[in-house]
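All remarks here apply to the structure that follows.
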Amino acid sequence: MAEVKGFIDSVYCGSGVDGRGLRCVVFFSGCNLRCPFCHNPETLFKRGQEKTAGELFEYLKRYKPYFKKGGVTLSGGEPFLQKEFLLALAGKLKSEGIHVVAETNGYICDEEILRALDGVIVDVKNQETDDLSPYNKFFEACRNAGCDLTVTNVLVPGKNDSAEKLRALSALIKGEGRVKFLPLRKLCEEKYRELQMRFPYADIREAEEEDVIKAENLLYND
Ligand code: SF4
């Protein structure tokens, strides 16, 4: 039977911010959301290199001696959209003893995928909506699957840093540990220009360290 193929935008080896330790990050192509602050607009559409899980595994395996406590992070785009490819790749990596986590928007709730991972990093998208119900479902699935959960949230001044928004976030993550705030950065604007796409948050200021401290105080001390 032909091996399942996936659409991959790129692979970056040497990340220290996408999960524990030093990691190779695989950027899957295609996403089900269109976040106005998206840092990787080049991954929004399902195009890019077509690879089999075996080909990508052979490439990633070469970095194993460098991983130590690190491993491979499946990112994107939205990696959960390419389920069969993700399962095949994660299976091969784990059988080689390589730690595998995925970064996801949490809108695709699939326990089979969660069981195939060592951990998942979910970024809560509450900048343009107050509906956090997809995350309640997703967190429950993580608990059922025994999948280690990390929660992040892109902090956007004027969008999700109000006391009201932070109260709702606090209620959502109760019992799930802490939220890691990622301050809005606009380094991606150049990519939008190259792709001839409009950057929806062009007029919003970047978040500063003080914004993060203020949000953390509101979230944990109120
Ligand atoms: S879910 Fe991630 S990749 Fe998809 S649009 Fe949002 S920020 Fe971009």
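By convention here, the chains of the structure tokens are called A, B, ... in the order presented, each chain's residues are numbered starting at 1, and ligands are numbered starting at 1 in the order presented.
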
Write out as a ChimeraX atom specification each polymer residue (protein, DNA or RNA) that has an atom no more than 10 Å from ligand 1, with only C-alpha atoms and all ligand atoms counted. /A:27-45,75-79,103-107,122-125,154

Go ahead and write the residues just picked, N, CA and C atoms, as a short mmCIF file (atom, residue, chain, number, x, y, z; two decimals), in the first residue's frame.
```
data_model
loop_
_atom_site.label_atom_id
_atom_site.label_comp_id
_atom_site.auth_asym_id
_atom_site.auth_seq_id
_atom_site.Cartn_x
_atom_site.Cartn_y
_atom_site.Cartn_z
N PHE A 27 6.70 22.36 10.01
CA PHE A 27 5.56 23.25 9.74
C PHE A 27 4.66 22.61 8.69
N PHE A 28 3.50 22.13 9.14
CA PHE A 28 2.51 21.54 8.24
C PHE A 28 1.84 22.67 7.43
N SER A 29 1.45 22.36 6.20
CA SER A 29 0.74 23.35 5.38
C SER A 29 -0.77 23.18 5.54
N GLY A 30 -1.45 24.31 5.60
CA GLY A 30 -2.91 24.30 5.68
C GLY A 30 -3.40 24.61 7.08
N CYS A 31 -4.41 25.48 7.17
CA CYS A 31 -5.00 25.79 8.47
C CYS A 31 -6.50 26.01 8.33
N ASN A 32 -7.24 25.62 9.37
CA ASN A 32 -8.70 25.79 9.38
C ASN A 32 -9.11 27.14 9.95
N LEU A 33 -8.17 27.92 10.50
CA LEU A 33 -8.49 29.25 11.02
C LEU A 33 -7.75 30.32 10.21
N ARG A 34 -8.10 31.55 10.43
CA ARG A 34 -7.41 32.69 9.80
C ARG A 34 -7.19 33.75 10.88
N CYS A 35 -6.32 33.47 11.82
CA CYS A 35 -6.10 34.41 12.92
C CYS A 35 -5.47 35.70 12.38
N PRO A 36 -5.97 36.86 12.82
CA PRO A 36 -5.47 38.12 12.26
C PRO A 36 -4.05 38.47 12.69
N PHE A 37 -3.46 37.69 13.60
CA PHE A 37 -2.09 37.94 14.04
C PHE A 37 -1.17 36.82 13.58
N CYS A 38 -1.64 35.95 12.68
CA CYS A 38 -0.89 34.74 12.32
C CYS A 38 0.54 35.07 11.94
N HIS A 39 1.46 34.34 12.56
CA HIS A 39 2.89 34.58 12.36
C HIS A 39 3.41 33.81 11.15
N ASN A 40 2.66 32.84 10.70
CA ASN A 40 3.13 31.99 9.60
C ASN A 40 2.13 31.97 8.44
N PRO A 41 1.86 33.14 7.83
CA PRO A 41 0.85 33.16 6.77
C PRO A 41 1.20 32.27 5.58
N GLU A 42 2.48 31.94 5.45
CA GLU A 42 2.89 31.07 4.33
C GLU A 42 2.38 29.63 4.51
N THR A 43 1.90 29.30 5.72
CA THR A 43 1.44 27.93 5.97
C THR A 43 -0.09 27.81 5.92
N LEU A 44 -0.78 28.90 5.59
CA LEU A 44 -2.24 28.87 5.69
C LEU A 44 -2.91 27.97 4.66
N PHE A 45 -2.26 27.80 3.53
CA PHE A 45 -2.89 27.02 2.46
C PHE A 45 -2.16 25.70 2.26
N SER A 75 4.04 21.50 13.92
CA SER A 75 3.42 22.82 14.01
C SER A 75 2.80 23.18 12.65
N GLY A 76 2.54 24.45 12.45
CA GLY A 76 1.96 24.79 11.15
C GLY A 76 1.71 26.27 11.03
N GLY A 77 0.59 26.52 10.34
CA GLY A 77 -0.54 25.70 9.97
C GLY A 77 -1.17 24.93 11.15
N GLU A 78 -2.06 24.04 10.80
CA GLU A 78 -2.72 23.21 11.81
C GLU A 78 -2.40 21.75 11.52
N PRO A 79 -1.49 21.15 12.30
CA PRO A 79 -1.08 19.77 12.02
C PRO A 79 -2.20 18.74 12.14
N GLU A 103 1.76 21.58 18.14
CA GLU A 103 1.18 22.89 18.43
C GLU A 103 -0.11 22.98 17.63
N THR A 104 -1.20 23.33 18.30
CA THR A 104 -2.50 23.31 17.65
C THR A 104 -3.38 24.47 18.09
N ASN A 105 -4.39 24.79 17.28
CA ASN A 105 -5.34 25.83 17.70
C ASN A 105 -6.48 25.24 18.54
N GLY A 106 -6.52 23.94 18.70
CA GLY A 106 -7.49 23.30 19.60
C GLY A 106 -8.89 23.15 19.02
N TYR A 107 -9.08 23.50 17.75
CA TYR A 107 -10.42 23.40 17.16
C TYR A 107 -10.72 22.01 16.59
N VAL A 122 -1.52 24.13 23.18
CA VAL A 122 -2.75 24.70 22.60
C VAL A 122 -2.73 26.21 22.77
N ASP A 123 -2.90 26.91 21.67
CA ASP A 123 -2.95 28.37 21.74
C ASP A 123 -4.41 28.81 21.73
N VAL A 124 -4.86 29.41 22.82
CA VAL A 124 -6.26 29.84 22.93
C VAL A 124 -6.47 31.11 22.11
N LYS A 125 -7.42 31.04 21.17
CA LYS A 125 -7.69 32.17 20.27
C LYS A 125 -8.93 32.91 20.78
N VAL A 154 -1.86 34.42 22.73
CA VAL A 154 -1.20 35.61 22.17
C VAL A 154 -1.90 36.84 22.76
#
```

So that I can see what lies close to range 183-193 of chain A, please list as a VMD selection string the residues with an atom at most 7 Å from it, counting only C-alpha atoms and leaving out residues fewer than 6 positions away in the same chain. chain A and resid 39 41 154 to 156 199 206 to 208 212

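Considering the residues A:Lys159, A:Lys83, A:Lys174, A:Arg20 and counting only C-alpha atoms, Phe139 in chain A has its shortest atom-to-atom contact with A:Lys174.
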
Using only C-alpha atoms, which residues sit within 10 Å of Glu96 in chain A once same-chain residues fewer than 6 positions away are excluded, as a list in words?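 Counting only C-alpha atoms, the residues come to Phe57, Lys61, Lys64 and Ala90 of chain A.
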
DSSP on the backbone: which residues in range 22-213 of chain A end up as strand (DSSP E)? Give the answer as a ChimeraX atom specification. /A:23-28,49-52,71-75,99-104,119-123,148-155,179-183

Which is closer to Glu112 in chain A than all the others in A:Leu89, A:Leu172, A:Cys147, A:Leu60, using only C-alpha atoms?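 Looking at the shortest contact to Glu112 in chain A, the residue is A:Cys147.
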
Just the number, please: distance in Å from CA of Asn221 in chain A to CA of Arg178 in chain A, one decimal.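 CA of Asn221 in chain A sits 12.6 Å away from CA of Arg178 in chain A.
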
Once DSSP has gone over the backbone, tell me which residues of range 24-205 of chain A are in alpha helix (DSSP H), as a ChimeraX atom specification. /A:53-61,64-67,83-95,111-115,133-145,163-173,189-194

Find the spatial neighbours of Cys24 in chain A, counting only C-alpha atoms, within a cut-off of 10 Å - ignore same-chain residues fewer than 2 positions away - and output them as a ChimeraX atom specification. /A:11-16,18,22,26-27,60,63-64,66-67,70-74,100

Go ahead and write the residues just picked, C-alpha atoms, as a PDB file, in the first residue's frame.
```pdb
ATOM      1  CA  VAL A  11      11.404  22.113   8.729  1.00  0.00           C
ATOM      2  CA  TYR A  12      13.473  24.155  11.169  1.00  0.00           C
ATOM      3  CA  CYS A  13      15.971  22.425  13.432  1.00  0.00           C
ATOM      4  CA  GLY A  14      17.294  24.355  16.421  1.00  0.00           C
ATOM      5  CA  SER A  15      14.218  25.827  18.112  1.00  0.00           C
ATOM      6  CA  GLY A  16      14.331  26.396  21.861  1.00  0.00           C
ATOM      7  CA  ASP A  18       8.486  25.114  20.781  1.00  0.00           C
ATOM      8  CA  LEU A  22      16.152  21.684  21.599  1.00  0.00           C
ATOM      9  CA  VAL A  26       7.886  20.607  11.218  1.00  0.00           C
ATOM     10  CA  PHE A  27       5.562  23.253   9.739  1.00  0.00           C
ATOM     11  CA  LEU A  60      14.530  14.070  11.373  1.00  0.00           C
ATOM     12  CA  TYR A  63      19.142  15.061  14.543  1.00  0.00           C
ATOM     13  CA  LYS A  64      18.461  12.558  17.316  1.00  0.00           C
ATOM     14  CA  TYR A  66      21.325  16.647  19.347  1.00  0.00           C
ATOM     15  CA  PHE A  67      17.883  16.389  20.946  1.00  0.00           C
ATOM     16  CA  GLY A  70      14.188  17.859  23.234  1.00  0.00           C
ATOM     17  CA  GLY A  71      12.551  16.241  20.221  1.00  0.00           C
ATOM     18  CA  VAL A  72      10.226  17.053  17.336  1.00  0.00           C
ATOM     19  CA  THR A  73       7.378  19.596  17.355  1.00  0.00           C
ATOM     20  CA  LEU A  74       4.609  19.312  14.758  1.00  0.00           C
ATOM     21  CA  VAL A 100       6.841  14.352  19.932  1.00  0.00           C
TER      22      VAL A 100
END
```

To one decimal in Å, tell me the separation between CA of Asn136 in chain A and CA of Leu87 in chain A. 23.5 Å

When distances are computed from only C-alpha atoms, which of A:Pro65, A:Gly48, A:Gly177, A:Gly146 shows the smallest separation from Asp9 in chain A?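 Of the candidates, the smallest distance to Asp9 in chain A is held by A:Gly48.
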
Any idea what's packed within 10 Å of Asp130 in chain A, counting only C-alpha atoms, ignoring anything in its chain fewer than 5 positions away? Could you give it as a list of chain:residue names?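 My reading of the contact set: A:Lys125, A:Asn160, A:Glu164, A:Lys165, A:Ala168, A:Leu169.
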
Among listed residues A:His99, A:Lys214, A:Lys46, A:Lys51, nearest Asp161 in chain A (using only C-alpha atoms):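 Closest residue, counting only C-alpha atoms: A:Lys214.
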
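The smallest atom-to-atom distance between Asp203 in chain A and any of A:Pro157, A:Ala102, A:Val179, A:Gln49, using only C-alpha atoms, is found for A:Pro157.
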
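Taking CA of Gly97 in chain A and CA of Phe85 in chain A as the two end points, the separation is 18.6 Å.
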